[in-house]
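Read the structure below first, then the notes.
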Amino acid sequence: MNTVPGHAMASLTLAKDFRAARVSSYDVTGGNADAWPIQPGETKVLADLAGPGVISHIWFTISSPDPLYLRKLLLRMFWDGETEPSVETPVGDFFGLGHGRTYSYQCAPFNTSNYERGRVGGGIGMNCWFQMPFRHRARVEVVNQQTTPVHAFYFYIDYQRHPALPDEALYLHAQWRRENPCDGWTGGGSWWGSEAWRQRESGPDGKNVSDAGNYLVLAAEGRGHYVGVNFSIDHQSKGWWGEGDDMIFIDRDGEGSWPPDMHGTGSEDYLSQGWGMQPNAHLYNGQAWSELDQGYNEWGKVCVYRYHILDPVPFSRNIRVSIEHGHANDRSDDFSSVAYWYQTEPHRSFAPMLPVELRLPNP
């Protein structure tokens, strides 16, 4: 597996020692029925690959009569014969599409293409370029938890067949979580500078010296590095959803023991923006979509992300990543997220996936 420091395009100057390969939904009869149906309750194995290899690109587009298909279809990936998935997330959220919405955006590991901004149930092309090594076997599957069939599931899974992988090659992991609503102590104020904003700076005590009440992004054990997260947030009361400090604890003997190794200053600061969020999608950070064109910092649904591609956070034994939901956890908004990281196997068991009715976005 060739790797070169610096810009990724530099590696194009080097000869490759892998063989490019693909599995896809193409019509093996030579016709144009280039998609697979998936029945209600069915688990469809999209790829079962022999290693050593690296999945280098995934593309999906889906036709389903259920407008919430992006939350009802589950994507799972298993490496080297493991019985528990290393990737488990609703299909849409894996690609950074929150709240079951379809919209176009691009960043370093993902991009999507759609002609109807923010529609529920629209058609969309989804791409992922996270590299996914495996030594012996990789299985990629989709679970249809709709009550209706998926009419057409189109896909490419491009991968590389390698003679061997380096010993230090780690496995991609991704996990979806949700708290709806978060356990806040007030709804927050209408905006900065308001009386409610001033009050929330001091009450109940205005301070948080623990991550016990934070929104948990990731808790992992093993050796690896954290590479980022996307958040889907839905205001449950009017007011700025952010202002929550991010906290990262690395290689601790006690979970969340204070202070964290990395402590941030606010949600939009962790997301590498400032003075609230802005409607942009950059390589490593951004707000991919907002329900409203204006006022999205205090109302409606938003989708934001921060990917640590150039600044991964390594851990040797364990890592815990959390973020306050509002200042000192004052906000009671609907938070969901997908965390992405690489690590050795076996990994810490994931919490059971929420049943489909608890994954659906708020109306």
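So you can find residues: chains in the structure tokens are A, B, ... in the order shown, residues in each start at 1, and ligands are numbered from 1 in order.
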Per residue of region 122-195 of chain A within 12 Å of region 28-49 of chain A, which atom pair is closest and at what distance in Å (one decimal), using only C-alpha atoms, listed by chain and increasing number, as a Markdown table?
```
| residue | atom | partner | partner_atom | distance |
| --- | --- | --- | --- | --- |
| A:Met132 | CA | A:Leu49 | CA | 12.0 |
| A:Pro133 | CA | A:Leu49 | CA | 11.2 |
| A:Phe134 | CA | A:Leu49 | CA | 9.0 |
| A:Arg135 | CA | A:Leu49 | CA | 10.1 |
| A:His136 | CA | A:Leu49 | CA | 8.2 |
| A:Arg137 | CA | A:Leu49 | CA | 5.4 |
| A:Ala138 | CA | A:Leu49 | CA | 5.1 |
| A:Arg139 | CA | A:Asp48 | CA | 4.5 |
| A:Val140 | CA | A:Ala47 | CA | 5.1 |
| A:Glu141 | CA | A:Val45 | CA | 4.2 |
| A:Val142 | CA | A:Lys44 | CA | 5.3 |
| A:Val143 | CA | A:Thr43 | CA | 4.3 |
| A:Asn144 | CA | A:Gly41 | CA | 5.2 |
| A:Gln145 | CA | A:Gly41 | CA | 5.4 |
| A:Gln146 | CA | A:Pro40 | CA | 5.6 |
| A:Thr147 | CA | A:Pro40 | CA | 5.3 |
| A:Thr148 | CA | A:Pro40 | CA | 5.4 |
| A:Pro149 | CA | A:Gln39 | CA | 4.4 |
| A:Val150 | CA | A:Ile38 | CA | 5.0 |
| A:His151 | CA | A:Pro37 | CA | 5.0 |
| A:Ala152 | CA | A:Pro37 | CA | 4.9 |
| A:Phe153 | CA | A:Trp36 | CA | 5.0 |
| A:Tyr154 | CA | A:Ala35 | CA | 4.6 |
| A:Phe155 | CA | A:Ala35 | CA | 7.5 |
| A:Tyr156 | CA | A:Leu46 | CA | 9.1 |
| A:Ile157 | CA | A:Ala47 | CA | 7.5 |
| A:Asp158 | CA | A:Ala47 | CA | 10.1 |
| A:Tyr159 | CA | A:Leu49 | CA | 9.0 |
| A:Gln160 | CA | A:Leu49 | CA | 10.3 |
| A:Arg161 | CA | A:Leu49 | CA | 9.5 |
```
Using only C-alpha atoms, find each residue of region 104-196 of chain A with at least one atom at most 10 Å away from an atom of region 307-323 of chain A; report its shortest atom-to-atom pair and that distance in Å (one decimal), sort the rows by chain and rising residue number, and return the result as JSON lines.
```
{"residue": "A:Cys107", "atom": "CA", "partner": "A:Tyr307", "partner_atom": "CA", "distance": 8.8}
{"residue": "A:Ala108", "atom": "CA", "partner": "A:Ile309", "partner_atom": "CA", "distance": 8.0}
{"residue": "A:Pro109", "atom": "CA", "partner": "A:Tyr307", "partner_atom": "CA", "distance": 8.3}
{"residue": "A:Phe130", "atom": "CA", "partner": "A:Ile309", "partner_atom": "CA", "distance": 9.9}
```
DSSP on the backbone, strand (DSSP E or B) only: what residues of region 128-186 of chain A does that give? Format it as a PyMOL selection string.
chain A and resi 128+132-134+137-144+150-161+171-179
Could you list, as JSON, numbers by chain, every residue within 6 Å of Pro181 (chain A), counting only C-alpha atoms and ignoring same-chain residues fewer than 5 positions away?
{"A": [332, 333, 334]}
Could those selected residues go to a file with C-alpha atoms, as a PDB file, in the first residue's frame?
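For reference, part.pdb as written:
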```pdb
ATOM      1  CA  SER A 332     -32.422  20.372  25.219  1.00  0.00           C
ATOM      2  CA  ASP A 333     -32.134  19.995  21.450  1.00  0.00           C
ATOM      3  CA  ASP A 334     -32.250  16.851  19.325  1.00  0.00           C
TER       4      ASP A 334
END
```
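Distance annotation: of A:Gly228, A:Gly213, A:Gly96, A:Pro163, the residue with the minimal separation from Arg19 (chain A) is A:Pro163; atom set is only C-alpha atoms.
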What separates CA of Lys301 (chain A) and CA of Met353 (chain A) is a distance of 22.3 Å
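The shortest atom-to-atom distance to Thr112 (chain A), with only C-alpha atoms taken into account, belongs to A:Gly92 out of A:Gly92, A:Pro85, A:Gly100, A:Pro65.
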Pick from A:Gly121, A:Glu298, A:Arg76, A:Asn111, whichever lies nearest to Lys238 (chain A) using only C-alpha atoms
A:Glu298
Quick one: pull the distance between CA of Leu218 (chain A) and CA of Phe249 (chain A), Å, one decimal.
10.3 Å
Hey, could you make a per-residue contact list for region 42-124 of chain A against region 284-289 of chain A with 10 Å as the cut-off, showing the nearest pair of atoms and its distance in Å to one decimal, counting only C-alpha atoms, sorted by chain and number, as JSON lines?
```
{"residue": "A:Gly96", "atom": "CA", "partner": "A:Ala288", "partner_atom": "CA", "distance": 8.0}
{"residue": "A:Leu97", "atom": "CA", "partner": "A:Ala288", "partner_atom": "CA", "distance": 8.3}
{"residue": "A:Gly98", "atom": "CA", "partner": "A:Trp289", "partner_atom": "CA", "distance": 8.6}
{"residue": "A:Arg101", "atom": "CA", "partner": "A:Trp289", "partner_atom": "CA", "distance": 9.0}
{"residue": "A:Thr102", "atom": "CA", "partner": "A:Trp289", "partner_atom": "CA", "distance": 9.3}
{"residue": "A:Tyr103", "atom": "CA", "partner": "A:Trp289", "partner_atom": "CA", "distance": 7.1}
{"residue": "A:Ser104", "atom": "CA", "partner": "A:Ala288", "partner_atom": "CA", "distance": 7.9}
{"residue": "A:Tyr105", "atom": "CA", "partner": "A:Ala288", "partner_atom": "CA", "distance": 5.8}
{"residue": "A:Gln106", "atom": "CA", "partner": "A:Ala288", "partner_atom": "CA", "distance": 7.9}
{"residue": "A:Cys107", "atom": "CA", "partner": "A:Tyr284", "partner_atom": "CA", "distance": 6.1}
{"residue": "A:Ala108", "atom": "CA", "partner": "A:Tyr284", "partner_atom": "CA", "distance": 6.2}
{"residue": "A:Pro109", "atom": "CA", "partner": "A:Tyr284", "partner_atom": "CA", "distance": 8.4}
{"residue": "A:Arg117", "atom": "CA", "partner": "A:Trp289", "partner_atom": "CA", "distance": 8.5}
{"residue": "A:Gly118", "atom": "CA", "partner": "A:Trp289", "partner_atom": "CA", "distance": 7.4}
```
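The space separating CA of Leu271 (chain A) from CA of Trp341 (chain A) comes to 17.1 Å.
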Near-Gln175 (chain A) list (12 Å; only C-alpha atoms; drop same-chain fewer than 6 positions) as a PyMOL selection string:
chain A and resi 74-77+85-91+93-94+216-220+226+228-231+336-342+347-354
Would you mind writing down, as a PyMOL selection string, each residue of region 170-357 of chain A that DSSP on the backbone assigns to alpha helix (DSSP H)?
chain A and resi 195-200+267-270+356-357
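Omitting region 359-361 of chain A and its sequence neighbours fewer than 5 positions away, and counting only C-alpha atoms, the residues within 8 Å are A:Leu68, A:Arg71, A:Lys72, A:His99, A:Gly100, A:Arg178, A:Leu354.
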Those same residues, written as a PDB file, in the first residue's frame with N, CA and C atoms?
```
ATOM      1  N   LEU A  68     -38.467   8.467   4.106  1.00  0.00           N
ATOM      2  CA  LEU A  68     -37.463   8.481   5.165  1.00  0.00           C
ATOM      3  C   LEU A  68     -36.454   7.345   5.006  1.00  0.00           C
ATOM      4  N   ARG A  71     -32.915   7.282   6.733  1.00  0.00           N
ATOM      5  CA  ARG A  71     -32.798   6.915   8.146  1.00  0.00           C
ATOM      6  C   ARG A  71     -33.231   5.471   8.402  1.00  0.00           C
ATOM      7  N   LYS A  72     -34.060   4.916   7.544  1.00  0.00           N
ATOM      8  CA  LYS A  72     -34.585   3.570   7.793  1.00  0.00           C
ATOM      9  C   LYS A  72     -33.686   2.461   7.247  1.00  0.00           C
ATOM     10  N   HIS A  99     -31.116  14.144   9.146  1.00  0.00           N
ATOM     11  CA  HIS A  99     -32.564  14.389   9.201  1.00  0.00           C
ATOM     12  C   HIS A  99     -33.316  13.753   8.029  1.00  0.00           C
ATOM     13  N   GLY A 100     -32.720  12.767   7.363  1.00  0.00           N
ATOM     14  CA  GLY A 100     -33.375  12.131   6.238  1.00  0.00           C
ATOM     15  C   GLY A 100     -33.487  13.016   5.010  1.00  0.00           C
ATOM     16  N   ARG A 178     -27.724   9.085  18.958  1.00  0.00           N
ATOM     17  CA  ARG A 178     -28.741  10.130  19.033  1.00  0.00           C
ATOM     18  C   ARG A 178     -29.204  10.325  20.472  1.00  0.00           C
ATOM     19  N   LEU A 354     -30.659   2.150  17.788  1.00  0.00           N
ATOM     20  CA  LEU A 354     -32.036   2.504  18.120  1.00  0.00           C
ATOM     21  C   LEU A 354     -32.999   1.875  17.121  1.00  0.00           C
TER      22      LEU A 354
END
```
Please list as an MDAnalysis selection string every residue within 9 Å of Glu291 (chain A), counting only C-alpha atoms and excluding residues in the same chain fewer than 5 positions away.
chainID A and resid 118 296 299:303
Those residues you just picked out, can you put them in a file as a PDB file, in the first residue's frame with N, CA and C atoms?
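Result file is selection27.pdb:
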```pdb
ATOM      1  N   GLY A 118     -32.606  19.843   0.151  1.00  0.00           N
ATOM      2  CA  GLY A 118     -33.246  19.582   1.426  1.00  0.00           C
ATOM      3  C   GLY A 118     -34.548  18.825   1.369  1.00  0.00           C
ATOM      4  N   TYR A 296     -30.950  30.222  10.986  1.00  0.00           N
ATOM      5  CA  TYR A 296     -30.697  28.814  11.295  1.00  0.00           C
ATOM      6  C   TYR A 296     -29.866  28.630  12.550  1.00  0.00           C
ATOM      7  N   TRP A 299     -32.978  28.462  15.035  1.00  0.00           N
ATOM      8  CA  TRP A 299     -34.198  27.690  14.805  1.00  0.00           C
ATOM      9  C   TRP A 299     -33.990  26.720  13.647  1.00  0.00           C
ATOM     10  N   GLY A 300     -34.819  25.655  13.640  1.00  0.00           N
ATOM     11  CA  GLY A 300     -34.800  24.717  12.522  1.00  0.00           C
ATOM     12  C   GLY A 300     -33.759  23.622  12.665  1.00  0.00           C
ATOM     13  N   LYS A 301     -33.608  22.862  11.586  1.00  0.00           N
ATOM     14  CA  LYS A 301     -32.670  21.745  11.515  1.00  0.00           C
ATOM     15  C   LYS A 301     -31.397  22.198  10.812  1.00  0.00           C
ATOM     16  N   VAL A 302     -30.249  21.695  11.281  1.00  0.00           N
ATOM     17  CA  VAL A 302     -28.963  21.996  10.658  1.00  0.00           C
ATOM     18  C   VAL A 302     -28.126  20.722  10.612  1.00  0.00           C
ATOM     19  N   CYS A 303     -27.173  20.685   9.674  1.00  0.00           N
ATOM     20  CA  CYS A 303     -26.224  19.580   9.547  1.00  0.00           C
ATOM     21  C   CYS A 303     -24.827  20.172   9.413  1.00  0.00           C
TER      22      CYS A 303
END
```
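Distance annotation: of A:Arg306, A:His263, A:His327, A:His225, the residue with the minimal separation from Lys207 (chain A) is A:His327; atom set is only C-alpha atoms.
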Looking at A:Thr13, A:Tyr26, A:Gly81, A:Cys128, which one is nearest to Ile55 (chain A), with distances taken over only C-alpha atoms?
A:Cys128
